[in-house]
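Notes follow once the structure below has been shown.
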Amino acid sequence: MLTAKYDELGLKTGDKVLDLGCGFGRHAFEAARRGASVVALDAGRDEVEGVAATFAAMVEVGELAPASLHANVVQGDALHLPFPDGSFDRVICSEVLEHIPNDVAVMRELARVLRPGGTMAITVPRFGPELINWALSDEYHNVPGGHIRIYRRSVLNERLASTGLVVTGHHYAHGLHSPYWWLKCFVGTTNDEHKLVKRYHQLLVWEIMKKPRVTRYAERVLSPVMGKSIVVYLRKPQ
């Protein structure tokens with residue numbers, strides 16, 4: 001389930017891509033499938049080991065050529081990226097900045113490692129749906145490593161522009177996911193056995209795996225109205 005659109009990002013075969021805060025690798029895997037040379041970075045050891053294992057499995061089944069040509073997985077700190085200036089053609093940072101107190105410092109690091117003329121996709125939770133989550137549940141955000149802020153698009157754009165990047169566009173994503181999280185916040189975020197939560201989760205898994213026409217249409221209609229994430233695209237001036 002991708003949040004960023006690779007065509008909007010301008011991803012091409014052979015591009016060097018940084019997936020910052022890669023989690024368990026959804027954006028990194030797709031970039032590698034499209035022929036990019038990927039660095040997937042996360043602070044968590046479990047995430048890094050999981051992504052490395054999946055890349056190895058993709059090579060084993062022939063989905064990718066030898067991993068050294070396509071992917072490198074790094075455990076690291078977003079505030080101090082271990083890469084020279086201008087190392088990457090494309091940068092993806094999905095659902096990370098809302099967790100980090102000094103978000104502008106991370107934005108500066110991302111801008112530093114992006115080459116002049118390169119492009120970036122930043123995604124964070126959208127203001128309206130996220131505000132509902134916070135109103136329904138303290139447990140949703142008031143936990144170690146949880147969300148510490150809710151971004152308005154204007155504030156996010158202003159902070160990103162302060163690093164010298166130019167905003168080129170935006171869209172909203174995952175309209176079907178907002179009601180799921182409202183439901184989770186209402187019944188308890190750890191209450192995965194609730195009947196409605198289980199049923200809705202099954203719907204989302206079906207949508208991700210099968211991509212039926214009805215849910216694709218629902219996503220197109222719902223995402224502009226109540227998409228859970230906002231995606232901002234940027235370019236570093238030459």
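A note on labels: chains of the structure tokens are A, B, ... as shown, every chain counts residues from 1, and ligands are counted from 1 in their shown order.
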Using only C-alpha atoms, what does the table of range 64-88 of chain A residues within 6 Å of range 36-58 of chain A look like, with each row giving the shortest atom pair and its distance in Å to one decimal, sorted by chain and ascending number, as JSON lines?
```
{"residue": "A:Leu64", "atom": "CA", "partner": "A:Met58", "partner_atom": "CA", "distance": 5.7}
{"residue": "A:His70", "atom": "CA", "partner": "A:Ser37", "partner_atom": "CA", "distance": 4.4}
{"residue": "A:Ala71", "atom": "CA", "partner": "A:Val38", "partner_atom": "CA", "distance": 4.6}
{"residue": "A:Asn72", "atom": "CA", "partner": "A:Val39", "partner_atom": "CA", "distance": 4.8}
{"residue": "A:Val73", "atom": "CA", "partner": "A:Ala40", "partner_atom": "CA", "distance": 4.8}
{"residue": "A:Val74", "atom": "CA", "partner": "A:Leu41", "partner_atom": "CA", "distance": 4.7}
{"residue": "A:Gln75", "atom": "CA", "partner": "A:Asp42", "partner_atom": "CA", "distance": 5.2}
{"residue": "A:Gly76", "atom": "CA", "partner": "A:Ala43", "partner_atom": "CA", "distance": 5.1}
{"residue": "A:Asp77", "atom": "CA", "partner": "A:Ala43", "partner_atom": "CA", "distance": 5.9}
```
Contacts of Thr3 in chain A within 9 Å, only C-alpha atoms, excl. fewer than 6 positions in-chain, as a PyMOL selection string: chain A and resi 27+94+123+172-174+229-231
Just C-alpha atoms for this one: save the residues we selected as a short mmCIF file (atom, residue, chain, number, x, y, z; two decimals), in the first residue's frame.
```
data_model
loop_
_atom_site.label_atom_id
_atom_site.label_comp_id
_atom_site.auth_asym_id
_atom_site.auth_seq_id
_atom_site.Cartn_x
_atom_site.Cartn_y
_atom_site.Cartn_z
CA HIS A 27 8.09 2.23 -0.54
CA SER A 94 6.52 8.73 4.78
CA THR A 123 3.80 12.31 3.79
CA TYR A 172 -4.38 13.12 -0.25
CA ALA A 173 -4.30 9.35 0.20
CA HIS A 174 -6.00 6.45 1.99
CA SER A 229 -2.46 11.18 4.70
CA ILE A 230 -1.31 14.24 2.82
CA VAL A 231 1.55 13.83 0.36
#
```
Counting only C-alpha atoms, the residue of A:Pro144, A:Gly117, A:Gly21, A:Pro224 that sits nearest Ala78 in chain A: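 Nearest candidate to Ala78 in chain A out of A:Pro144, A:Gly117, A:Gly21, A:Pro224: A:Gly21.
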In range 24-188 of chain A, what's alpha helix (DSSP H) per DSSP? Answer as a PDB file with C-alpha atoms, in the first residue's frame?
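Listed below is the output, result-v8.pdb:
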```pdb
ATOM      1  CA  ARG A  26       6.676  -0.764   1.364  1.00  0.00           C
ATOM      2  CA  HIS A  27       8.090   2.232  -0.540  1.00  0.00           C
ATOM      3  CA  ALA A  28      11.615   0.806  -0.708  1.00  0.00           C
ATOM      4  CA  PHE A  29      10.442  -2.484  -2.222  1.00  0.00           C
ATOM      5  CA  GLU A  30       8.437  -0.804  -4.967  1.00  0.00           C
ATOM      6  CA  ALA A  31      11.304   1.553  -5.835  1.00  0.00           C
ATOM      7  CA  ALA A  32      13.642  -1.443  -6.176  1.00  0.00           C
ATOM      8  CA  ARG A  33      11.095  -3.271  -8.345  1.00  0.00           C
ATOM      9  CA  ARG A  45      16.419  -2.625  14.515  1.00  0.00           C
ATOM     10  CA  ASP A  46      13.359  -4.835  13.946  1.00  0.00           C
ATOM     11  CA  GLU A  47      12.338  -2.767  10.935  1.00  0.00           C
ATOM     12  CA  VAL A  48      15.849  -2.779   9.458  1.00  0.00           C
ATOM     13  CA  GLU A  49      16.244  -6.527   9.891  1.00  0.00           C
ATOM     14  CA  GLY A  50      12.787  -7.164   8.456  1.00  0.00           C
ATOM     15  CA  VAL A  51      13.446  -5.064   5.350  1.00  0.00           C
ATOM     16  CA  ALA A  52      16.833  -6.719   4.789  1.00  0.00           C
ATOM     17  CA  ALA A  53      15.223 -10.159   5.050  1.00  0.00           C
ATOM     18  CA  THR A  54      12.502  -9.240   2.561  1.00  0.00           C
ATOM     19  CA  PHE A  55      15.019  -7.867   0.069  1.00  0.00           C
ATOM     20  CA  ALA A  56      16.972 -11.120   0.367  1.00  0.00           C
ATOM     21  CA  ALA A  57      13.782 -13.106  -0.251  1.00  0.00           C
ATOM     22  CA  MET A  58      12.963 -10.989  -3.321  1.00  0.00           C
ATOM     23  CA  VAL A  59      16.396 -11.785  -4.746  1.00  0.00           C
ATOM     24  CA  GLU A  60      15.996 -15.487  -3.959  1.00  0.00           C
ATOM     25  CA  ASP A 103      11.123  18.191  12.472  1.00  0.00           C
ATOM     26  CA  VAL A 104      12.816  21.111  10.695  1.00  0.00           C
ATOM     27  CA  ALA A 105      16.246  19.621  11.439  1.00  0.00           C
ATOM     28  CA  VAL A 106      15.144  16.412   9.701  1.00  0.00           C
ATOM     29  CA  MET A 107      13.821  18.427   6.762  1.00  0.00           C
ATOM     30  CA  ARG A 108      17.219  20.144   6.474  1.00  0.00           C
ATOM     31  CA  GLU A 109      18.992  16.784   6.441  1.00  0.00           C
ATOM     32  CA  LEU A 110      16.676  15.494   3.736  1.00  0.00           C
ATOM     33  CA  ALA A 111      17.286  18.610   1.648  1.00  0.00           C
ATOM     34  CA  ARG A 112      21.055  18.258   2.182  1.00  0.00           C
ATOM     35  CA  VAL A 113      21.288  14.691   0.848  1.00  0.00           C
ATOM     36  CA  PHE A 127      -5.082  17.620   9.705  1.00  0.00           C
ATOM     37  CA  GLY A 128      -8.819  16.852   9.791  1.00  0.00           C
ATOM     38  CA  PRO A 129      -8.806  13.054  10.156  1.00  0.00           C
ATOM     39  CA  GLU A 130      -5.899  13.251  12.594  1.00  0.00           C
ATOM     40  CA  LEU A 131      -7.700  15.833  14.744  1.00  0.00           C
ATOM     41  CA  ILE A 132     -10.626  13.412  15.075  1.00  0.00           C
ATOM     42  CA  ASN A 133      -8.269  10.625  16.163  1.00  0.00           C
ATOM     43  CA  TRP A 134      -6.766  12.842  18.853  1.00  0.00           C
ATOM     44  CA  ALA A 135     -10.221  13.907  20.059  1.00  0.00           C
ATOM     45  CA  LEU A 136     -11.411  10.311  20.330  1.00  0.00           C
ATOM     46  CA  ASP A 138      -5.401   9.996  24.100  1.00  0.00           C
ATOM     47  CA  GLU A 139      -4.039   6.477  23.703  1.00  0.00           C
ATOM     48  CA  TYR A 140      -3.725   7.030  19.947  1.00  0.00           C
ATOM     49  CA  HIS A 141      -1.006   9.660  20.225  1.00  0.00           C
ATOM     50  CA  ARG A 153      -0.687  21.855   5.041  1.00  0.00           C
ATOM     51  CA  SER A 154       0.323  25.514   5.101  1.00  0.00           C
ATOM     52  CA  VAL A 155       2.632  24.937   8.095  1.00  0.00           C
ATOM     53  CA  LEU A 156       4.172  21.814   6.564  1.00  0.00           C
ATOM     54  CA  ASN A 157       4.823  23.642   3.286  1.00  0.00           C
ATOM     55  CA  GLU A 158       6.314  26.638   5.089  1.00  0.00           C
ATOM     56  CA  ARG A 159       8.733  24.503   7.094  1.00  0.00           C
ATOM     57  CA  LEU A 160       9.802  22.498   4.040  1.00  0.00           C
ATOM     58  CA  ALA A 161      10.288  25.667   1.984  1.00  0.00           C
ATOM     59  CA  HIS A 177      -8.291   4.181   6.236  1.00  0.00           C
ATOM     60  CA  SER A 178      -9.578   7.209   8.139  1.00  0.00           C
ATOM     61  CA  PRO A 179     -12.844   5.558   9.297  1.00  0.00           C
ATOM     62  CA  TYR A 180     -10.864   2.493  10.382  1.00  0.00           C
ATOM     63  CA  TRP A 181      -8.719   4.599  12.701  1.00  0.00           C
ATOM     64  CA  TRP A 182     -11.717   6.565  13.993  1.00  0.00           C
ATOM     65  CA  LEU A 183     -13.291   3.242  14.892  1.00  0.00           C
ATOM     66  CA  LYS A 184     -10.077   2.028  16.536  1.00  0.00           C
ATOM     67  CA  CYS A 185      -9.796   5.214  18.573  1.00  0.00           C
ATOM     68  CA  PHE A 186     -13.444   4.925  19.637  1.00  0.00           C
ATOM     69  CA  VAL A 187     -13.261   1.309  20.858  1.00  0.00           C
TER      70      VAL A 187
END
```
